[in-house]
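A.B. asks: Before I ask anything, here is the structure I am working with.
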Amino acid sequence: MAAGVLAGLVVAPSAAAAAAGPTTLPASQYTLSANYNQFDTINSALVSTLGTAAVHTVMDNANHDRTALPSSFSVAGLSGGFRFDSGDNSDCANYPQGITTSRDAVGTANSGNYDGHQLVLVSWYTKDGCDGAQSRSRITLVDWDATYPNKYRKVLLVEPTGTASAPDFKDIPIHAGGVSWYGDYLYVADTGRGMRVFDMRKILKTNTGGTADQIGRQSPTVYYAHNYAYVLPQVGTITSKTTSGTNLAWSSISLDRVSKSIVMTEYTCQSGCTSYPNRAPRAIRYPFASGVFAATTTASQALQLPWYNLNGVASHNGRWWFNSSGQKQLYYWTPSTGSATYSWVGGGESISYWEDSTAADLLWTLQEGVGNRNVFAVTQSTYDG
């Protein structure tokens, strides 16, 4: 899916004629099992040993400069955005995938600040070399606030291992195709399972020494993390189940604050794929219960989709958007008005809805292609059918 893209692609704002839209599936066929306390014992030991860094501390130590979008980049309804530094923009071993923001986490109050910062958060997966297998995953916290420098910081995602007396952690080699931030919890899509859960209050401080391949406990007081200064340990798992006969492929996720839910969709092919399912994709909505998922959650909405190669999904107030990287199209749909199709960027990935109480609401998204990693926002009304 890391296709080359044209940085200067101009997207027309007009929608094509409405096409066939999604159809309803039995929502009762799709459930989640949630465990937020899976690693409590080891995480407590890790916190005691390493100590934590608040998000504002991480951002005070941000060590990468985000840059402006290239002047050649144009898309209908463009509101703003950025690129990562030249090293991250051209890195063939790391690929940005999911996107969420502090406005997902806390809403519009206090300008959407979490721990004093208005943030854009992007999930990445790392290959073992430019052509290697997936080896680990990370997030990037990007300041999007004029009060602070145009900086960002990388944080490694890790899974706790070991024992209470010798706590440890290891890499999480997942695609991290989608990410959602709600309250203090960060949900990262795990393609074949569901979601992994992280707590933004439990970022751990690690030693930046050692070699780039070292990970975890080296001695009772020294922990390495591929030279990262911060790691975010997994706290729990959200496991997906279905009685439909075909397990879901959790390719992308997004938060819907209005309905207090997370929506997901699948990357599938119409035909001819060997690495992805060859069938129609689905989109499922799972509601929160009091800010977290209940021990067992039944979907509140399930859709069969007529579109393919979907890398991104967003929903807000009964409206849906789907991004197809393969087709370079953005699909909009509501049950009452039907669907509309817009030209879109190549290499497009996840979508996050940005609520704004004083200005236009936005859709944040990004491109993954090496050399053209534009992270940008468009006014949602430009793509509302």
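Naming scheme: A, B, ... for chains in displayed order of the structure tokens; residues 1 onward per chain; ligands 1 onward as shown.
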Residues within 8 Å of range 94-111 of chain A, please, as an MDAnalysis selection string. Count only C-alpha atoms; anything in the same chain fewer than 2 positions from it doesn't count.
C.D. replies: chainID A and resid 2 88 91:92 113:114 117:127 175:184 252:255 257 349:357 364:370 373
A.B. asks: Would you list, as a ChimeraX atom specification, the residues of range 164-213 of chain A that end up in strand (DSSP E) under DSSP run on this structure's backbone?
C.D. replies: /A:167-171,179-182,185-190,194-199,204-205
A.B. asks: Contacts of Ser325 in chain A at 9 Å or less, counting only C-alpha atoms, minus same-chain residues fewer than 5 places along, as a PyMOL selection string?
C.D. replies: chain A and resi 1+3+308-312+330+344-349
A.B. asks: Limited to N, CA and C atoms, could you put the picked residues into a file as a CSV table (one decimal), in the first residue's frame?
C.D. replies:
```csv
chain,number,residue,atom,x,y,z
A,1,MET,N,0.8,-1.2,0.0
A,1,MET,CA,0.0,0.0,0.0
A,1,MET,C,0.8,1.3,0.0
A,3,ALA,N,2.2,3.3,-2.0
A,3,ALA,CA,2.3,3.6,-3.4
A,3,ALA,C,2.9,5.0,-3.5
A,308,TYR,N,-13.6,-0.7,-2.3
A,308,TYR,CA,-12.5,-1.5,-2.0
A,308,TYR,C,-11.2,-0.7,-1.7
A,309,ASN,N,-10.2,-1.4,-1.3
A,309,ASN,CA,-8.9,-0.8,-1.0
A,309,ASN,C,-9.0,0.4,0.0
A,310,LEU,N,-9.8,0.1,1.1
A,310,LEU,CA,-10.1,1.2,2.1
A,310,LEU,C,-9.0,1.3,3.1
A,311,ASN,N,-8.4,2.4,3.2
A,311,ASN,CA,-7.3,2.7,4.2
A,311,ASN,C,-7.8,3.6,5.3
A,312,GLY,N,-9.0,4.2,5.1
A,312,GLY,CA,-9.4,5.2,6.1
A,312,GLY,C,-10.9,5.2,6.3
A,330,LEU,N,-12.5,9.5,-2.2
A,330,LEU,CA,-13.0,9.6,-0.9
A,330,LEU,C,-14.6,9.5,-1.0
A,344,TRP,N,-9.5,12.0,-4.8
A,344,TRP,CA,-8.7,12.1,-3.6
A,344,TRP,C,-7.3,11.9,-3.9
A,345,VAL,N,-6.4,12.0,-2.8
A,345,VAL,CA,-5.0,11.8,-3.0
A,345,VAL,C,-4.6,10.4,-3.1
A,346,GLY,N,-3.4,10.1,-3.7
A,346,GLY,CA,-2.9,8.8,-3.7
A,346,GLY,C,-2.2,8.5,-2.4
A,347,GLY,N,-2.1,7.2,-2.0
A,347,GLY,CA,-1.4,6.9,-0.8
A,347,GLY,C,-2.1,7.3,0.4
A,348,GLY,N,-3.4,7.7,0.3
A,348,GLY,CA,-4.1,8.2,1.5
A,348,GLY,C,-4.3,7.1,2.6
A,349,GLU,N,-4.3,7.5,3.8
A,349,GLU,CA,-4.4,6.6,4.9
A,349,GLU,C,-5.6,6.9,5.8
```
A.B. asks: Give me the residues of range 261-294 of chain A that have any atom at most 12 Å from an atom of range 243-246 of chain A; for each, the nearest atom pair and the distance in Å, rounded to one decimal. Use only C-alpha atoms, sort by chain and number, and format it as JSON lines.
C.D. replies:
```
{"residue": "A:Glu266", "atom": "CA", "partner": "A:Thr246", "partner_atom": "CA", "distance": 11.8}
{"residue": "A:Pro277", "atom": "CA", "partner": "A:Thr246", "partner_atom": "CA", "distance": 10.2}
{"residue": "A:Asn278", "atom": "CA", "partner": "A:Thr246", "partner_atom": "CA", "distance": 11.8}
{"residue": "A:Arg279", "atom": "CA", "partner": "A:Thr246", "partner_atom": "CA", "distance": 10.3}
{"residue": "A:Ala280", "atom": "CA", "partner": "A:Thr246", "partner_atom": "CA", "distance": 11.3}
{"residue": "A:Pro281", "atom": "CA", "partner": "A:Thr246", "partner_atom": "CA", "distance": 10.8}
{"residue": "A:Arg282", "atom": "CA", "partner": "A:Thr246", "partner_atom": "CA", "distance": 10.6}
```
A.B. asks: For CA of Asp213 in chain A and CA of Gly194 in chain A, determine how far apart the two atoms are, in Å to one decimal place.
C.D. replies: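 Separating CA of Asp213 in chain A from CA of Gly194 in chain A is a distance of 27.9 Å.
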A.B. asks: Point out the residue among A:Leu156, A:Met200, A:Val375, A:Ala295 with the least atom-to-atom distance to Asn227 in chain A, counting only C-alpha atoms.
C.D. replies: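 For Asn227 in chain A, the nearest of the given residues is A:Leu156.
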A.B. asks: Please, what distance in Å, to one decimal, runs between CA of Ala283 in chain A and CA of Ser300 in chain A?
C.D. replies: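 Value for the CA of Ala283 in chain A-CA of Ser300 in chain A distance: 11.2 Å.
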A.B. asks: As a ChimeraX atom specification, please: the residues near Ser48 in chain A (cut-off 12 Å, only C-alpha atoms, same-chain neighbours under 4 positions excluded).
C.D. replies: /A:41-44,52,164-167,202,204-205,220-221
A.B. asks: Using only C-alpha atoms for the distances, tell me which of A:Ile238, A:Ala93, A:Leu186, A:Ala45 is nearest to Gly162 in chain A.
C.D. replies: A:Ala45
A.B. asks: Env of Pro335 in chain A: 9 Å cut, atoms = only C-alpha atoms, seq-sep filter 2 positions within chain, self excluded. Answer as number ranges by chain.
C.D. replies: A: 21-22, 318-319, 333, 337-339
A.B. asks: Find the residues near Leu157 in chain A: any atom within 9 Å, counting only C-alpha atoms, skip ones fewer than 6 places away on the same chain, and give them as an MDAnalysis selection string.
C.D. replies: chainID A and resid 136:139 170:172 198 231:234
A.B. asks: Rank A:Asn207, A:Thr237, A:Gln301, A:Thr163 by their smallest atom-to-atom distance to Val188 in chain A, using only C-alpha atoms, and report the top residue only.
C.D. replies: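 With only C-alpha atoms as the atom set, the closest residue is A:Thr237.
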